[in-house]
>>> print(open('entry39.cif').read())   # mmCIF, C-alpha atoms
data_final
loop_
_atom_site.label_atom_id
_atom_site.label_comp_id
_atom_site.auth_asym_id
_atom_site.auth_seq_id
_atom_site.Cartn_x
_atom_site.Cartn_y
_atom_site.Cartn_z
CA MET A 1 53.88 47.94 -23.04
CA LYS A 2 53.34 47.15 -19.37
CA LEU A 3 56.55 47.15 -17.38
CA LYS A 4 57.07 44.99 -14.33
CA LYS A 5 57.84 46.74 -11.07
CA TYR A 6 57.49 50.13 -12.73
CA LYS A 7 59.68 52.71 -11.01
CA SER A 8 58.82 56.26 -11.94
CA ILE A 9 61.76 58.64 -12.28
CA SER A 10 59.74 61.36 -10.58
CA GLY A 11 58.90 58.88 -7.81
CA ILE A 12 62.56 57.97 -7.28
CA THR A 13 63.48 61.66 -7.30
CA SER A 14 60.73 62.55 -4.82
CA TYR A 15 61.67 59.63 -2.58
CA SER A 16 65.36 60.59 -2.59
CA MET A 17 64.65 64.25 -1.91
CA SER A 18 62.18 63.32 0.84
CA LEU A 19 64.73 61.01 2.44
CA ILE A 20 67.40 63.72 2.34
CA PHE A 21 64.94 66.24 3.80
CA ALA A 22 63.93 63.79 6.54
CA LEU A 23 67.57 63.10 7.45
CA CYS A 24 68.40 66.81 7.54
CA THR A 25 65.32 67.46 9.66
CA VAL A 26 66.20 64.70 12.12
CA ILE A 27 69.80 65.89 12.38
CA SER A 28 68.65 69.49 12.86
CA LEU A 29 66.15 68.53 15.57
CA PHE A 30 68.71 66.32 17.29
CA SER A 31 71.27 69.13 17.18
CA ALA A 32 68.75 71.62 18.54
CA LEU A 33 67.87 69.29 21.41
CA ILE A 34 71.55 68.72 22.17
CA PHE A 35 72.27 72.45 22.23
CA ILE A 36 69.27 73.11 24.46
CA SER A 37 70.42 70.32 26.75
CA LEU A 38 73.98 71.70 26.78
CA ASP A 39 72.68 75.13 27.70
CA LYS A 40 70.73 73.57 30.55
CA ASP A 41 73.79 71.57 31.61
CA ALA A 42 75.75 74.81 31.81
CA GLU A 43 73.11 76.23 34.13
CA ILE A 44 73.22 73.07 36.26
CA ILE A 45 77.00 73.26 36.49
CA ASN A 46 76.80 76.91 37.57
CA LEU A 47 74.20 76.08 40.23
CA SER A 48 76.28 73.14 41.45
CA GLY A 49 79.30 75.40 41.61
CA SER A 50 77.30 77.88 43.68
CA LEU A 51 76.44 75.06 46.12
CA ARG A 52 80.14 74.40 46.47
CA MET A 53 80.87 78.07 47.20
CA GLN A 54 77.98 78.30 49.64
CA SER A 55 79.30 75.23 51.46
CA TYR A 56 82.66 76.94 51.91
CA ARG A 57 80.88 80.09 53.05
CA LEU A 58 78.91 78.06 55.56
CA ALA A 59 82.09 76.52 56.94
CA TYR A 60 83.66 79.97 57.19
CA ASP A 61 80.66 81.43 59.02
CA ILE A 62 80.62 78.53 61.46
CA THR A 63 84.34 78.92 62.08
CA THR A 64 83.96 82.66 62.74
CA ASN A 65 80.79 82.15 64.82
CA ASN A 66 78.83 84.21 62.30
CA SER A 67 75.61 82.23 62.07
CA GLU A 68 73.10 85.02 62.44
CA ASN A 69 71.68 84.55 58.91
CA LYS A 70 71.36 80.81 59.31
CA LEU A 71 67.71 80.57 58.20
CA LYS A 72 68.31 82.82 55.26
CA TYR A 73 71.30 80.69 54.29
CA ILE A 74 69.26 77.47 54.54
CA GLU A 75 66.48 78.96 52.45
CA LYS A 76 68.93 80.06 49.76
CA TYR A 77 70.64 76.68 49.74
CA ASP A 78 67.28 74.89 49.42
CA SER A 79 66.22 77.16 46.55
CA VAL A 80 69.34 76.18 44.62
CA LEU A 81 69.46 72.48 45.47
CA TYR A 82 65.76 71.91 44.81
CA SER A 83 65.51 74.20 41.81
CA ASP A 84 63.92 72.82 38.64
CA ALA A 85 67.26 72.94 36.85
CA LEU A 86 69.09 70.77 39.40
CA LYS A 87 66.13 68.45 39.92
CA SER A 88 66.18 67.79 36.16
CA VAL A 89 69.33 65.69 36.64
CA THR A 90 67.00 62.96 37.93
CA ASP A 91 65.13 62.81 34.60
CA TRP A 92 65.42 59.87 32.18
CA HIS A 93 68.12 61.45 30.05
CA SER A 94 70.63 61.66 32.92
CA THR A 95 72.98 58.85 33.81
CA ASP A 96 72.52 56.73 36.92
CA GLU A 97 75.80 58.03 38.27
CA ILE A 98 74.59 61.64 38.11
CA LYS A 99 71.33 60.71 39.81
CA THR A 100 73.21 58.85 42.56
CA HIS A 101 75.49 61.80 43.28
CA TYR A 102 72.59 64.23 43.31
CA PHE A 103 70.69 62.15 45.85
CA GLN A 104 73.87 61.90 47.93
CA VAL A 105 74.13 65.70 47.90
CA VAL A 106 70.48 65.93 48.98
CA ARG A 107 70.95 63.46 51.84
CA HIS A 108 74.08 65.21 53.08
CA TRP A 109 72.40 68.58 52.90
CA GLU A 110 69.37 67.36 54.81
CA SER A 111 71.73 66.07 57.48
CA ILE A 112 73.60 69.39 57.57
CA LYS A 113 70.35 71.36 57.63
CA GLU A 114 69.04 69.29 60.54
CA LYS A 115 72.22 70.02 62.54
CA LEU A 116 72.01 73.71 61.74
CA LEU A 117 68.41 73.91 62.86
CA THR A 118 69.21 72.12 66.15
CA GLN A 119 72.10 74.42 66.99
CA ARG A 120 74.79 71.80 66.34
CA GLU A 121 76.88 73.85 63.95
CA GLN A 122 80.16 72.40 65.19
CA GLU A 123 79.11 68.95 63.98
CA VAL A 124 78.75 70.37 60.49
CA LEU A 125 82.37 71.36 60.04
CA PRO A 126 83.80 67.80 59.82
CA ILE A 127 81.39 66.75 57.06
CA ILE A 128 81.75 69.88 54.90
CA PRO A 129 84.85 68.55 53.01
CA SER A 130 83.13 65.26 52.09
CA PHE A 131 80.00 67.19 51.16
CA VAL A 132 82.01 69.43 48.84
CA ASP A 133 83.67 66.37 47.31
CA ILE A 134 80.27 64.89 46.48
CA ILE A 135 79.25 68.20 44.88
CA ASP A 136 82.50 68.19 42.87
CA GLU A 137 81.79 64.65 41.67
CA LEU A 138 78.29 65.71 40.64
CA VAL A 139 79.70 68.65 38.67
CA CYS A 140 82.36 66.44 37.10
CA ASN A 141 79.79 63.84 36.02
CA ILE A 142 77.56 66.53 34.54
CA GLN A 143 80.52 67.92 32.59
CA VAL A 144 81.41 64.45 31.28
CA HIS A 145 77.79 63.89 30.33
CA SER A 146 77.78 67.20 28.43
CA GLU A 147 80.95 66.25 26.60
CA ASN A 148 79.37 62.93 25.65
CA LYS A 149 76.42 64.81 24.23
CA LEU A 150 78.81 66.79 22.04
CA HIS A 151 80.37 63.53 20.90
CA TYR A 152 76.92 62.16 20.09
CA LEU A 153 76.18 65.30 18.12
CA ILE A 154 79.40 64.98 16.13
CA TRP A 155 78.79 61.29 15.42
CA ALA A 156 75.17 61.93 14.46
CA SER A 157 76.24 64.74 12.13
CA CYS A 158 78.90 62.54 10.52
CA VAL A 159 76.46 59.66 10.06
CA GLY A 160 73.85 62.04 8.68
CA VAL A 161 76.31 63.58 6.22
CA LEU A 162 77.44 60.09 5.20
CA LEU A 163 73.85 58.94 4.63
CA VAL A 164 73.03 62.07 2.65
CA GLY A 165 76.20 61.55 0.60
CA LEU A 166 75.22 57.94 -0.10
CA ILE A 167 71.72 58.97 -1.14
CA VAL A 168 73.08 61.72 -3.41
CA THR A 169 75.63 59.30 -4.91
CA TYR A 170 72.92 56.72 -5.57
CA PHE A 171 70.64 59.36 -7.05
CA VAL A 172 73.38 60.71 -9.35
CA HIS A 173 74.25 57.16 -10.44
CA TYR A 174 70.58 56.40 -11.03
CA ILE A 175 70.03 59.54 -13.09
CA ASN A 176 73.19 58.90 -15.11
CA HIS A 177 72.43 55.22 -15.73
CA LYS A 178 68.65 55.32 -16.05
CA VAL A 179 68.07 58.76 -17.59
CA VAL A 180 71.13 60.42 -19.13
CA SER A 181 72.59 57.33 -20.82
CA PRO A 182 69.26 56.23 -22.40
CA ILE A 183 68.62 59.78 -23.61
CA VAL A 184 72.05 59.79 -25.26
CA GLN A 185 71.14 56.46 -26.88
CA LEU A 186 67.88 57.97 -28.13
CA SER A 187 69.76 60.95 -29.52
CA ASN A 188 72.26 58.70 -31.33
CA ALA A 189 69.42 56.50 -32.59
CA SER A 190 67.60 59.53 -34.00
CA GLN A 191 70.78 60.50 -35.85
CA ASP A 192 71.03 56.95 -37.26
CA ILE A 193 67.42 57.12 -38.44
CA ARG A 194 68.09 60.50 -39.98
CA GLN A 195 70.88 58.87 -42.01
CA GLY A 196 68.56 56.06 -43.10
CA ASN A 197 69.79 53.41 -40.66
CA PHE A 198 66.75 51.93 -38.91
CA ASP A 199 68.64 49.04 -37.29
CA ILE A 200 69.12 50.80 -33.96
CA THR A 201 70.10 49.47 -30.54
CA LEU A 202 68.25 50.78 -27.49
CA ASP A 203 68.04 49.63 -23.88
CA TYR A 204 64.24 49.62 -23.81
CA HIS A 205 63.95 47.19 -20.87
CA LEU A 206 64.32 49.96 -18.27
CA ASN A 207 61.39 49.94 -15.87
CA ASN A 208 60.75 53.68 -15.98
CA GLU A 209 59.43 56.40 -18.30
CA ILE A 210 62.64 56.40 -20.36
CA GLY A 211 62.30 52.63 -20.89
CA LEU A 212 58.73 53.12 -22.08
CA LEU A 213 59.85 55.91 -24.41
CA SER A 214 62.75 53.80 -25.72
CA SER A 215 60.43 50.85 -26.34
CA THR A 216 58.00 53.04 -28.26
CA PHE A 217 60.86 54.62 -30.21
CA HIS A 218 62.28 51.18 -31.03
CA ARG A 219 58.94 49.92 -32.35
CA MET A 220 58.51 53.11 -34.35
CA ALA A 221 61.98 52.65 -35.87
CA GLU A 222 61.15 49.05 -36.82
CA LYS A 223 57.92 50.11 -38.52
CA MET A 224 59.67 52.97 -40.29
CA GLY A 225 62.38 50.54 -41.40
CA HIS A 226 59.78 48.18 -42.90
CA ILE A 227 58.03 51.07 -44.63
CA TYR A 228 61.32 52.47 -45.90
CA SER A 229 62.42 49.04 -47.17
CA GLY A 230 59.09 48.62 -48.94
CA LEU A 231 59.44 52.03 -50.53
CA GLU A 232 62.99 51.28 -51.60
CA GLN A 233 61.93 47.95 -53.09
CA SER A 234 58.98 49.54 -54.86
CA LEU A 235 61.16 52.37 -56.13
CA SER A 236 63.78 49.88 -57.30
CA GLN A 237 61.14 47.89 -59.17
CA ASN A 238 59.72 51.05 -60.71
CA ASN A 239 63.18 52.20 -61.73
CA GLN A 240 63.92 48.79 -63.17
CA ALA A 241 60.66 48.79 -65.11
CA LEU A 242 61.34 52.32 -66.31
CA GLU A 243 64.86 51.42 -67.41
CA LEU A 244 63.52 48.36 -69.20
CA ALA A 245 60.84 50.42 -70.91
CA VAL A 246 63.42 52.95 -72.06
CA GLU A 247 65.70 50.14 -73.21
CA GLU A 248 62.83 48.47 -75.07
CA ASN A 249 61.86 51.72 -76.76
CA VAL A 250 65.43 52.27 -77.90
CA LEU A 251 65.58 48.66 -79.05
CA LEU A 252 62.27 49.01 -80.86
CA SER A 253 63.62 51.99 -82.75
CA LYS A 254 66.73 50.07 -83.75
CA ILE A 255 64.72 47.03 -84.88
CA SER A 256 62.39 49.26 -86.85
CA ILE A 257 65.34 50.86 -88.60
CA ILE A 258 66.85 47.45 -89.43
CA LEU A 259 63.70 45.73 -90.68
CA LEU A 260 61.51 48.44 -92.14
CA ASN A 261 64.08 50.44 -94.04
CA SER A 262 65.97 47.66 -95.83
CA GLU A 263 65.52 44.88 -98.34
CA PRO A 264 64.37 41.52 -96.90
CA HIS A 265 67.30 39.34 -95.89
CA GLN A 266 67.88 36.67 -93.24
CA ASN A 267 70.90 38.54 -91.89
CA LYS A 268 68.61 41.44 -91.01
CA LEU A 269 66.43 39.10 -88.98
CA GLU A 270 69.48 37.74 -87.18
CA SER A 271 70.61 41.28 -86.36
CA ALA A 272 67.17 42.17 -85.00
CA ILE A 273 67.00 38.96 -82.92
CA SER A 274 70.50 39.65 -81.61
CA LEU A 275 69.40 43.06 -80.38
CA ILE A 276 66.59 41.47 -78.36
CA LYS A 277 68.98 38.85 -76.95
CA ASP A 278 71.24 41.62 -75.68
CA LEU A 279 68.59 42.50 -73.13
CA ASP A 280 69.70 41.38 -69.64
CA ALA A 281 66.38 39.66 -68.96
CA VAL A 282 66.52 37.50 -72.13
CA SER A 283 68.44 34.21 -72.08
CA PHE A 284 67.19 32.68 -75.35
CA ILE A 285 65.16 33.88 -78.36
CA THR A 286 64.24 32.23 -81.64
CA LEU A 287 62.33 33.29 -84.73
CA GLU A 288 60.74 30.58 -86.89
CA TRP A 289 58.95 30.75 -90.23
CA LYS A 290 58.39 28.55 -93.29
CA ASN A 291 59.91 28.97 -96.69
CA ALA A 292 57.08 29.88 -99.05
CA GLU A 293 58.51 27.80 -101.89
CA THR A 294 59.73 24.64 -100.14
CA GLY A 295 57.61 24.75 -96.98
CA GLU A 296 60.77 24.11 -95.00
CA SER A 297 60.95 25.59 -91.47
CA ILE A 298 63.64 28.18 -90.98
CA ALA A 299 64.78 29.33 -87.52
CA VAL A 300 67.03 32.12 -86.38
CA SER A 301 68.12 31.80 -82.73
CA GLN A 302 70.28 33.64 -80.23
CA GLY A 303 71.36 32.45 -76.78
CA THR A 304 71.19 29.08 -75.05
CA LYS A 305 67.91 27.37 -74.36
CA ASN A 306 67.42 26.23 -70.76
CA SER A 307 64.68 24.74 -68.59
CA GLU A 308 62.81 28.00 -68.20
CA LEU A 309 59.36 28.40 -69.68
CA LEU A 310 59.45 29.31 -73.36
CA TYR A 311 57.11 32.15 -74.17
CA THR A 312 55.87 31.84 -77.79
CA LEU A 313 54.06 34.55 -79.71
CA PRO A 314 52.48 33.89 -83.15
CA LEU A 315 53.33 36.46 -85.81
CA MET A 316 50.13 37.52 -87.58
CA TYR A 317 49.92 39.47 -90.80
CA LYS A 318 46.53 40.08 -92.42
CA ASN A 319 44.96 37.37 -90.26
CA ALA A 320 47.54 34.81 -91.35
CA ILE A 321 50.32 33.30 -89.25
CA VAL A 322 53.63 33.95 -90.95
CA GLY A 323 55.86 32.66 -88.15
CA THR A 324 56.47 32.49 -84.40
CA LEU A 325 58.66 34.43 -82.03
CA SER A 326 59.72 32.51 -78.90
CA CYS A 327 61.66 33.81 -75.93
CA GLN A 328 62.97 32.63 -72.56
CA SER A 329 63.08 35.50 -70.09
CA GLU A 330 62.84 36.25 -66.37
CA TYR A 331 59.48 37.84 -67.04
CA LYS A 332 57.13 38.41 -69.95
CA LEU A 333 58.49 41.04 -72.28
CA SER A 334 55.99 43.57 -73.58
CA LEU A 335 58.55 44.28 -76.29
CA LEU A 336 57.71 41.00 -78.04
CA GLU A 337 54.11 42.04 -78.52
CA THR A 338 55.30 45.41 -79.81
CA VAL A 339 57.84 44.06 -82.31
CA ALA A 340 55.66 41.13 -83.40
CA PRO A 341 53.83 43.15 -86.11
CA ILE A 342 57.18 44.42 -87.41
CA PHE A 343 58.59 40.89 -87.66
CA ALA A 344 55.32 39.64 -89.17
CA LYS A 345 55.37 42.30 -91.89
CA TYR A 346 59.05 41.65 -92.58
CA LEU A 347 58.53 37.86 -92.82
CA HIS A 348 55.59 38.40 -95.15
CA SER A 349 57.75 40.48 -97.48
CA PHE A 350 60.64 38.05 -97.00
CA SER A 351 58.55 35.04 -98.09
CA LYS A 352 57.38 36.60 -101.35
#
>>> encode(input="entry39.cif", output="structure tokens")
Amino acid sequence: MKLKKYKSISGITSYSMSLIFALCTVISLFSALIFISLDKDAEIINLSGSLRMQSYRLAYDITTNNSENKLKYIEKYDSVLYSDALKSVTDWHSTDEIKTHYFQVVRHWESIKEKLLTQREQEVLPIIPSFVDIIDELVCNIQVHSENKLHYLIWASCVGVLLVGLIVTYFVHYINHKVVSPIVQLSNASQDIRQGNFDITLDYHLNNEIGLLSSTFHRMAEKMGHIYSGLEQSLSQNNQALELAVEENVLLSKISIILLNSEPHQNKLESAISLIKDLDAVSFITLEWKNAETGESIAVSQGTKNSELLYTLPLMYKNAIVGTLSCQSEYKLSLLETVAPIFAKYLHSFSK
């Protein structure tokens, strides 16, 4: 049987497991990337914080006229501001606001650095507070961005768990509806067949291996039912024939006792005919012969004659017809052929 849109159970199982594995892999990779990014954000926040502290230190040194290590200070500030970690805030994954504040910090620093290199330290002091504020805004935006990443991670995890739960729920429902339930039906059907009931009900329209198995099992049960019915019918017929044969043998013995061990008399013939009529298959029977002296026909009958075919058997004794035995029955009785010689002999002695 060829099923339309055949869906293999193993295929559905593999697909579901692959989908769950893919979701778990994506969630794991996304989580790993988020954690790596958060670790990098922590480094960026620390570096930005160091810029803030260095700005205060610069203001303090200028106020106390301690600017001897000016070049060393500029070099250190440049190494932090232009480090790979801080420059990464300009990558695609950062927000426009973070990029804007970073470039503002760079522009302000370049302005401060130019004043420091041209011996105009006193012009730096007024812009230090605004410079620190820009650094604080940069740090604040990076912190907010990191918190958003955590929120994304939580949402992604929740969505992933929900999707995995839906897939598992669907898979469990599929297995229960398409596998477990049909197998239970097959088990119950096998018990019915074991008890001789071949009229089973199976959902063999499933488009998977269980449906194919159920369809095959259903056809097998139908064939077994036909075979079993045929055997029962044949056995019933054989039993019926055997019972009839036994009944005929018993009847033959009784007729033999009545006719062969007694003086000829019409009442004996009536008794013998009555015994044959008592058979369930016989509806009418009659015995006819002619009186040897008058030539008059004599008949002994039992039952009611109907429209069924009348089976007539001539009674022969020493190649001469001494009478006829007629019977209406559901089928031809072999008993008539067996008792015919007995009746023929009795009629011959009766007509003397």
>>> residues_around(input="entry39.cif", residues="Ala320 of chain A", least_positions_apart="3", cutoff="12 Å", atoms="all atoms listed in the file", output="number ranges by chain")
A: 314-317, 323-324, 341, 344-345, 347-348
>>> atom_distance(input="entry39.cif", atom1="atom CA of Gln185 of chain A", atom2="atom CA of Lys223 of chain A")
18.7 Å
>>> resolve_selection(input="entry39.cif", expression="the PyMOL selection byres ((chain A and resi 146) around 12)", output="ChimeraX atom specification")
/A:34-45,89,93-95,98,139-145,147-153
>>> resolve_selection(input="entry39.cif", expression="the PyMOL selection byres ((chain A and resi 108-117) around 9)", output="PyMOL selection string")
chain A and resi 70-71+74+77-78+81+103-107+118-124+127-128+131
>>> atom_distance(input="entry39.cif", atom1="atom CA of Leu202 of chain A", atom2="atom CA of Ser190 of chain A")
10.9 Å
>>> atom_distance(input="entry39.cif", atom1="atom CA of Ser329 of chain A", atom2="atom CA of Ala281 of chain A")
5.4 Å
>>> residues_around(input="entry39.cif", residues="Glu248 of chain A", least_positions_apart="2", cutoff="10 Å", atoms="all atoms listed in the file", output="PyMOL selection string")
chain A and resi 242-246+250-254+276+279+333-336+338-339
>>> closest_residue(input="entry39.cif", among="A:Glu209, A:Trp289, A:Tyr73, A:Tyr346", to="Arg57 of chain A", atoms="all atoms listed in the file")
A:Tyr73
>>> resolve_selection(input="entry39.cif", expression="the PyMOL selection byres ((chain A and resi 272) around 9)", output="PyMOL selection string")
chain A and resi 251+254-256+258-259+267-271+273-277
>>> residues_around(input="entry39.cif", residues="Ile134 of chain A", least_positions_apart="4", cutoff="7 Å", atoms="all atoms listed in the file", output="list in words")
His101, Val105, Ser130 and Leu138 of chain A
>>> closest_residue(input="entry39.cif", among="A:Gln328, A:Ser157, A:Ser18, A:Asn239", to="Phe284 of chain A", atoms="all atoms listed in the file")
A:Gln328
>>> closest_residue(input="entry39.cif", among="A:Val282, A:Val322, A:Met220, A:Ile210", to="His177 of chain A", atoms="only C-alpha atoms")
A:Ile210
>>> axis_aligned_box(input="entry39.cif", around="segment 314-319 of chain A", padding_each_side="4 Å", output="JSON")
{"center_x": 49.1, "center_y": 37.0, "center_z": -87.8, "size_x": 16.4, "size_y": 14.2, "size_z": 17.3}
>>> build_atoms(input="entry39.cif", residues="segment 83-93 of chain A", atoms="all heavy atoms", output="PDB file, keeping the file's coordinate frame")
ATOM      1  N   SER A  83      65.991  73.454  42.987  1.00  0.00           N
ATOM      2  CA  SER A  83      65.510  74.200  41.810  1.00  0.00           C
ATOM      3  C   SER A  83      65.163  73.213  40.688  1.00  0.00           C
ATOM      4  O   SER A  83      65.638  72.070  40.655  1.00  0.00           O
ATOM      5  CB  SER A  83      66.567  75.190  41.338  1.00  0.00           C
ATOM      6  OG  SER A  83      67.731  74.495  40.908  1.00  0.00           O
ATOM      7  N   ASP A  84      64.332  73.686  39.769  1.00  0.00           N
ATOM      8  CA  ASP A  84      63.920  72.820  38.640  1.00  0.00           C
ATOM      9  C   ASP A  84      65.118  72.381  37.798  1.00  0.00           C
ATOM     10  O   ASP A  84      65.152  71.259  37.279  1.00  0.00           O
ATOM     11  CB  ASP A  84      62.917  73.563  37.757  1.00  0.00           C
ATOM     12  CG  ASP A  84      61.592  73.796  38.476  1.00  0.00           C
ATOM     13  OD1 ASP A  84      61.296  73.039  39.420  1.00  0.00           O
ATOM     14  OD2 ASP A  84      60.862  74.724  38.074  1.00  0.00           O
ATOM     15  N   ALA A  85      66.096  73.270  37.675  1.00  0.00           N
ATOM     16  CA  ALA A  85      67.260  72.940  36.850  1.00  0.00           C
ATOM     17  C   ALA A  85      68.037  71.771  37.446  1.00  0.00           C
ATOM     18  O   ALA A  85      68.380  70.805  36.751  1.00  0.00           O
ATOM     19  CB  ALA A  85      68.160  74.163  36.720  1.00  0.00           C
ATOM     20  N   LEU A  86      68.329  71.852  38.778  1.00  0.00           N
ATOM     21  CA  LEU A  86      69.090  70.770  39.400  1.00  0.00           C
ATOM     22  C   LEU A  86      68.270  69.495  39.540  1.00  0.00           C
ATOM     23  O   LEU A  86      68.796  68.385  39.407  1.00  0.00           O
ATOM     24  CB  LEU A  86      69.596  71.219  40.773  1.00  0.00           C
ATOM     25  CG  LEU A  86      70.976  71.882  40.788  1.00  0.00           C
ATOM     26  CD1 LEU A  86      71.347  72.314  42.192  1.00  0.00           C
ATOM     27  CD2 LEU A  86      72.030  70.942  40.237  1.00  0.00           C
ATOM     28  N   LYS A  87      66.975  69.642  39.796  1.00  0.00           N
ATOM     29  CA  LYS A  87      66.130  68.450  39.920  1.00  0.00           C
ATOM     30  C   LYS A  87      66.008  67.710  38.585  1.00  0.00           C
ATOM     31  O   LYS A  87      65.686  66.523  38.551  1.00  0.00           O
ATOM     32  CB  LYS A  87      64.747  68.847  40.428  1.00  0.00           C
ATOM     33  CG  LYS A  87      64.745  69.223  41.909  1.00  0.00           C
ATOM     34  CD  LYS A  87      63.414  69.803  42.333  1.00  0.00           C
ATOM     35  CE  LYS A  87      62.315  68.773  42.244  1.00  0.00           C
ATOM     36  NZ  LYS A  87      61.024  69.315  42.740  1.00  0.00           N
ATOM     37  N   SER A  88      66.285  68.427  37.473  1.00  0.00           N
ATOM     38  CA  SER A  88      66.180  67.790  36.160  1.00  0.00           C
ATOM     39  C   SER A  88      67.243  66.722  35.935  1.00  0.00           C
ATOM     40  O   SER A  88      67.135  65.915  35.014  1.00  0.00           O
ATOM     41  CB  SER A  88      66.274  68.844  35.052  1.00  0.00           C
ATOM     42  OG  SER A  88      67.559  69.440  35.034  1.00  0.00           O
ATOM     43  N   VAL A  89      68.295  66.719  36.804  1.00  0.00           N
ATOM     44  CA  VAL A  89      69.330  65.690  36.640  1.00  0.00           C
ATOM     45  C   VAL A  89      68.786  64.312  36.990  1.00  0.00           C
ATOM     46  O   VAL A  89      69.452  63.298  36.732  1.00  0.00           O
ATOM     47  CB  VAL A  89      70.568  66.011  37.500  1.00  0.00           C
ATOM     48  CG1 VAL A  89      71.176  67.329  37.084  1.00  0.00           C
ATOM     49  CG2 VAL A  89      70.227  65.996  38.984  1.00  0.00           C
ATOM     50  N   THR A  90      67.603  64.264  37.596  1.00  0.00           N
ATOM     51  CA  THR A  90      67.000  62.960  37.930  1.00  0.00           C
ATOM     52  C   THR A  90      66.084  62.462  36.817  1.00  0.00           C
ATOM     53  O   THR A  90      65.469  61.402  36.963  1.00  0.00           O
ATOM     54  CB  THR A  90      66.197  63.077  39.238  1.00  0.00           C
ATOM     55  OG1 THR A  90      65.133  64.031  39.067  1.00  0.00           O
ATOM     56  CG2 THR A  90      67.093  63.516  40.387  1.00  0.00           C
ATOM     57  N   ASP A  91      65.987  63.238  35.716  1.00  0.00           N
ATOM     58  CA  ASP A  91      65.130  62.810  34.600  1.00  0.00           C
ATOM     59  C   ASP A  91      65.762  61.628  33.861  1.00  0.00           C
ATOM     60  O   ASP A  91      66.914  61.247  34.108  1.00  0.00           O
ATOM     61  CB  ASP A  91      64.898  63.971  33.635  1.00  0.00           C
ATOM     62  CG  ASP A  91      64.066  65.082  34.283  1.00  0.00           C
ATOM     63  OD1 ASP A  91      63.391  64.784  35.293  1.00  0.00           O
ATOM     64  OD2 ASP A  91      64.116  66.225  33.790  1.00  0.00           O
ATOM     65  N   TRP A  92      65.009  61.097  32.892  1.00  0.00           N
ATOM     66  CA  TRP A  92      65.420  59.870  32.180  1.00  0.00           C
ATOM     67  C   TRP A  92      66.699  60.040  31.372  1.00  0.00           C
ATOM     68  O   TRP A  92      67.425  59.073  31.140  1.00  0.00           O
ATOM     69  CB  TRP A  92      64.285  59.433  31.251  1.00  0.00           C
ATOM     70  CG  TRP A  92      63.958  60.463  30.190  1.00  0.00           C
ATOM     71  CD1 TRP A  92      63.064  61.472  30.285  1.00  0.00           C
ATOM     72  CD2 TRP A  92      64.565  60.569  28.899  1.00  0.00           C
ATOM     73  NE1 TRP A  92      63.050  62.227  29.138  1.00  0.00           N
ATOM     74  CE2 TRP A  92      63.966  61.686  28.265  1.00  0.00           C
ATOM     75  CE3 TRP A  92      65.542  59.854  28.219  1.00  0.00           C
ATOM     76  CZ2 TRP A  92      64.329  62.091  26.982  1.00  0.00           C
ATOM     77  CZ3 TRP A  92      65.893  60.249  26.943  1.00  0.00           C
ATOM     78  CH2 TRP A  92      65.288  61.365  26.328  1.00  0.00           C
ATOM     79  N   HIS A  93      66.970  61.274  30.925  1.00  0.00           N
ATOM     80  CA  HIS A  93      68.120  61.450  30.050  1.00  0.00           C
ATOM     81  C   HIS A  93      69.447  61.534  30.802  1.00  0.00           C
ATOM     82  O   HIS A  93      70.513  61.547  30.185  1.00  0.00           O
ATOM     83  CB  HIS A  93      67.946  62.724  29.205  1.00  0.00           C
ATOM     84  CG  HIS A  93      67.664  63.957  30.019  1.00  0.00           C
ATOM     85  ND1 HIS A  93      68.645  64.641  30.692  1.00  0.00           N
ATOM     86  CD2 HIS A  93      66.491  64.601  30.276  1.00  0.00           C
ATOM     87  CE1 HIS A  93      68.111  65.670  31.318  1.00  0.00           C
ATOM     88  NE2 HIS A  93      66.798  65.679  31.088  1.00  0.00           N
TER      89      HIS A  93
END
